[in-house]
Amino acid sequence: MQKMPQWADVLLIPLVSLILAAFFSAVVILAIGENPWEALKIMVEGALGSTYGWGYTLYYATNFIFTGLAVAVANHAKMFNIGGEGQAVMGGLGVALVCLYIPFPHWTLALLAAAATAAVFGAAWAAIPALLQAKRGSHIVITTIMFNFIAASLLNYFLIGPLKADGMEPATARFPEAARLPTFQDMFSSPDNPLFRGAPANVAFFVAILACIAVWLLIWRSRLGYEIRSFGWSEPAARYAGISPVRIIMLTMLISGGLAGMMAINNVMGEAERLVLNSAEGAGFIGIAVALMGRSHPLGVFLAAVLFGFLYQGGAELSLWTGIPRDMVVVIQALVILFTGALDNMVRMPLERVFSTLRRAPKPDSKSTTARTAE
Amino acid sequence: MADAAPAIELKGISKSFGPVQANKDISFKVMPGTIHGIIGENGAGKSTLMSILYGFYKADAGEITIHGTPIDITDSQTAIRAGIGMVFQHFKLVPNFTVLENVVLGAEDSGLLRPSLARARRELKALAEEYELNVDPDAVVEDIGVGMQQRVEILKALYRQADILILDEPTGVLTPAEADHLFRILGNLKDQGKTVILITHKLREIMEATDAVSVMRRGEMIETVTTAGTNPTELAELMVGRTVLLQVDKTPATPGAPVLQVSDLKVEHDGVARVKGVSFEVRAGEILGIAGVAGNGQSELLEVLGGYRPATGRATVNGVDLPLSGRGADGRSRRDAGIAHVPEDRQSEGLVMEFAAWENVGFGYHHTDRYSRGTLMDHAALKADCAAKMERFDVRPPNPNLLAKNFSGGNQQKIVVAREMECDPDLLLVGQPTRGVDIGAIEFIHQQIVALRDAGKAVLLVSVELDEILSLSDRVAVMFDGRIMGERQASETNERELGLLMAGITDTDAPHSEAEIEANLARRSASAEKEA
């Protein structure tokens, strides 16, 4: 018997967690002498009140979808890939190489080639920790986090060395015009109805949605996904069933790394249009929170990514318009991560108790809960 | 004796875990100076009840009286002070401490250890004489056999002045000879006026050792009867709530050509030899039972044949070699070779507990055309097949969407057995088919295994339950310390003969003292530990 209906697990718990996070954020904002209600209004207005705001929110969300999916896929095999940051950085390197050195006739071809290369670079970066885990038992958490640092150093090297453009900055040259991705402004704006003006959201957002669907198919419909999930739940069972742990660890991490790498088509190709230092900007780590909050389900990842996109953009607006410092925005984000991820059980256990007492009482409302659990 | 206050009296004890009611309004009495059995299927609520008595759980309602005094048992310290001692199924001993240190642990007289140890040594000596509880106080626990370790647990309880001793499934890890010795000790305890509560699911032990027996079913106390006034059939019926067939109905086997042939198979794990060169064959239409105390290499043997443990030696199925290590030594290749496998541990191996039943019915066969189309799984086929299997094997509740972990042990096992039998194997490997399975399901699973044999399939059965081996097998091989000690026709052997083989004694004609058997077992476990 399930402890509580699925809708409560998927919607109610994150909602309660968010309300708690909001409450404590409000306390923090009050404590520094600002008005939390005003702050919330500025965040909502700044992130969701205009197409410009949405253009930023969805741009950030796109990054988080890719890294969140990466963590989610690995989670299904009970592997904690915290190397999304490094894999995204390497993806960026791949994108830069393709965009700088291959003359594309049209952006669609450039997007396909860049996405594929980004995935290959990200996967390759995940492959080494995966191999060490599969063959030598080196813990993936340790190795992937180490590889983040190696990736950062490698990026440094390329940006002050072989790929450096003329000038003072450690960055590559701007990508050629043919490798420019259409932004939301290009796609949805018309001269008499200007939308998304100057916002970085671009066509990569739709690639991210495709990636969500692909991951859903992979995990819940494909044979590989079935094997990944069974390996994740029980390695002895997988071995009993003839599922090779080495194969699952390798394939899962390649897919995970590939997804993290593909983030680069958004931030490097779609927004910066060149490769700069610290290009991933911590999105690899936000992906962990996104996957946790999204219960490793693509739909959950999508929603959580949009929420974090909102927090990013809203937070930027907040530090722009109020005396609330940028650091305080990080505190708010941390509170959301704390409540939705780390303190999940704090909300879950009392709710489970509520549902089990509801169920024991022979009331007509037990019908509505059991009907939903049938799924 | 009859008008003395009961040693333990429970009145209206109830306990729920969320929506599950583990104990429902339980009342019963245990008279002092008796051995009182508590019998019931897995999940009947025996362990919960004893945990309440020992202070691990708090009852939602009801009251407990010890020797006529009501008591509120809030934790195990209270229970110990009230004179209750508990011997758990899984021993709670520190392996690298001596017997003496283990006995004293947690019951030291003061901050200084030496006086406590000296006192304990004196008391152990007295206890040993009084109850036939001989243990070397200076032996390190990891070097002594399980039977001996169990005695240490009993000594621990007695040292803490227990006069009510609860034993939870005490014979699961013992050979028949060790079990007999245990029951003699319990008899001595009873003669000295102690009260013993014996929790078990084995009817034979209840009949042999107890004065009275309480039967539990689905969280309720069904009845308490005197052992002398009942019989196994009646008890089984009380446990299950309907008539049960205790003996497996089967005709003599008609073995055909050899299906599985194993020669000189060896398994090493972490430098320790677990299987030391075994050879045997299983023919079509027969059941070969492998008996033995747990941990003598049977599990490893099954894993090798199931494809997920490397070995050396040779094994063939229908004359075709099975790779024993490297490429081709995996569960999938084994299934392709016509081997189905009901593993010993269904919860960690046979099923993915977090998967729904329908996802589990294709587990291991998910790559076949039956369950997948190209790279995608065929959910409709899996669900339809699951519903059909549930009907044929009477899985309850017949709901393919329920997660495997939410079925009872017996129904989980039925799902595994259904999956492995209905793929039409040439050879079926079965490990502990009825471990943790309720009596009703045991009967059904045994019938299915026999039916598979009658259909001309070869069956290799591994079980630590001697009753099960004797009633199911056509031929019996006994494993001890990684070797096959002997093979017998099931119809021509008995428990005593097999029991000696299980203790590593091959020369079954000569009479053997128990001390000899024990020494043999202790030697084995000591040498195994050293190798490790």
# chains A, B, ... in the order shown; residues from 1 in each chain; ligands from 1

$ interface_residues --of "chain B" --to "chain A" --cutoff "8 Å" --atoms "only C-alpha atoms" --output "ChimeraX atom specification"
/B:18-19,306-308,330-333,348-355,363-367,372,375-377,379,401-402,406

$ write_last_selection --atoms "C-alpha atoms" --output "mmCIF file, in the first residue's frame"
data_model
loop_
_atom_site.group_PDB
_atom_site.id
_atom_site.type_symbol
_atom_site.label_atom_id
_atom_site.label_comp_id
_atom_site.auth_asym_id
_atom_site.auth_seq_id
_atom_site.Cartn_x
_atom_site.Cartn_y
_atom_site.Cartn_z
ATOM 1 C CA GLY B 18 0.416 3.349 9.853
ATOM 2 C CA PRO B 19 -2.552 1.625 8.249
ATOM 3 C CA GLY B 306 22.735 -18.827 -12.265
ATOM 4 C CA GLY B 307 25.593 -17.072 -14.019
ATOM 5 C CA TYR B 308 26.599 -14.396 -11.557
ATOM 6 C CA ASP B 330 25.917 -14.048 -16.962
ATOM 7 C CA GLY B 331 22.296 -14.461 -16.045
ATOM 8 C CA ARG B 332 21.074 -13.673 -19.518
ATOM 9 C CA SER B 333 23.184 -16.359 -21.229
ATOM 10 C CA SER B 348 17.301 -8.450 -3.148
ATOM 11 C CA GLU B 349 17.728 -10.652 -6.216
ATOM 12 C CA GLY B 350 14.561 -12.233 -7.496
ATOM 13 C CA LEU B 351 12.485 -9.087 -7.513
ATOM 14 C CA VAL B 352 13.024 -5.388 -7.785
ATOM 15 C CA MET B 353 10.991 -4.424 -4.744
ATOM 16 C CA GLU B 354 10.292 -0.914 -5.991
ATOM 17 C CA PHE B 355 8.974 -2.180 -9.325
ATOM 18 C CA PHE B 363 12.605 -9.391 -15.103
ATOM 19 C CA GLY B 364 15.516 -11.295 -16.613
ATOM 20 C CA TYR B 365 13.468 -12.060 -19.711
ATOM 21 C CA HIS B 366 12.914 -8.423 -20.608
ATOM 22 C CA HIS B 367 15.143 -8.697 -23.667
ATOM 23 C CA SER B 372 10.006 -5.914 -25.795
ATOM 24 C CA THR B 375 14.464 -1.021 -27.914
ATOM 25 C CA LEU B 376 11.203 -0.266 -26.123
ATOM 26 C CA MET B 377 9.492 -2.409 -23.510
ATOM 27 C CA HIS B 379 4.119 -2.609 -21.349
ATOM 28 C CA ASN B 401 0.124 -2.300 -10.513
ATOM 29 C CA LEU B 402 1.007 -2.990 -6.900
ATOM 30 C CA ASN B 406 3.704 -4.464 -0.930
#

$ residues_around --residues "Cys386 (chain B)" --least-positions-apart "5" --cutoff "8 Å" --atoms "only C-alpha atoms" --output "number ranges by chain"
B: 357-358, 361, 400

$ residues_around --residues "Lys414 (chain B)" --least-positions-apart "2" --cutoff "12 Å" --atoms "only C-alpha atoms" --output "ChimeraX atom specification"
/B:342,346,350-351,357,360-361,386,389-398,404,407-412,416-422,433-434,437-438,440-449

$ atom_distance --atom1 "CA of Phe339 (chain A)" --atom2 "CA of Met43 (chain A)"
19.4 Å

$ atom_distance --atom1 "CA of Asp321 (chain B)" --atom2 "CA of Ala458 (chain B)"
16.7 Å

$ residues_around --residues "region 282-287 of chain B" --least-positions-apart "6" --cutoff "10 Å" --atoms "only C-alpha atoms" --output "ChimeraX atom specification"
/B:252-262,317-318,426-429,449-461,469,472-476,490

$ residues_around --residues "Leu210 (chain A)" --least-positions-apart "4" --cutoff "12 Å" --atoms "only C-alpha atoms" --output "ChimeraX atom specification"
/A:62,65-66,69,203-206,214-217,259,298-299,302

$ select_by_dssp --residues "region 425-521 of chain B" --states "strand (DSSP E or B)" --output "list of chain:residue names"
B:Leu427, B:Leu428, B:Leu429, B:Val430, B:Gly431, B:Ala458, B:Val459, B:Leu460, B:Leu461, B:Val462, B:Arg475, B:Val476, B:Ala477, B:Val478, B:Met479, B:Phe480, B:Arg483, B:Ile484, B:Met485, B:Gly486, B:Glu487, B:Arg488, B:Gln489

$ select_by_dssp --residues "region 112-257 of chain B" --states "helix (DSSP H, G or I)" --output "PyMOL selection string"
chain B and resi 113-131+141-143+146-159+176-191+203-209+227-229+232-240

$ residues_around --residues "Gly12 (chain B)" --least-positions-apart "4" --cutoff "6 Å" --atoms "only C-alpha atoms" --output "PyMOL selection string"
chain B and resi 25-27+62

$ closest_residue --among "B:His36, B:Arg335, B:Arg160, B:Arg184" --to "Glu108 (chain B)" --atoms "only C-alpha atoms"
B:Arg160

$ residues_around --residues "Ile324 (chain A)" --least-positions-apart "6" --cutoff "8 Å" --atoms "only C-alpha atoms" --output "short mmCIF file (atom, residue, chain, number, x, y, z; two decimals) with N, CA, C and O atoms, in the first residue's frame"
data_model
loop_
_atom_site.label_atom_id
_atom_site.label_comp_id
_atom_site.auth_asym_id
_atom_site.auth_seq_id
_atom_site.Cartn_x
_atom_site.Cartn_y
_atom_site.Cartn_z
N ILE A 29 14.60 38.38 5.21
CA ILE A 29 14.49 39.71 4.61
C ILE A 29 14.04 40.74 5.66
O ILE A 29 14.57 41.85 5.72
N GLU A 34 14.18 44.92 5.40
CA GLU A 34 13.46 45.16 4.15
C GLU A 34 12.06 44.56 4.24
O GLU A 34 11.77 43.74 5.12
N LEU A 318 16.03 41.70 -7.80
CA LEU A 318 15.95 42.11 -6.41
C LEU A 318 17.20 42.90 -6.02
O LEU A 318 17.11 43.96 -5.39
#

$ closest_residue --among "B:Val304, B:Val30, B:Ala340, B:Leu288" --to "Gly328 (chain B)" --atoms "only C-alpha atoms"
B:Val304
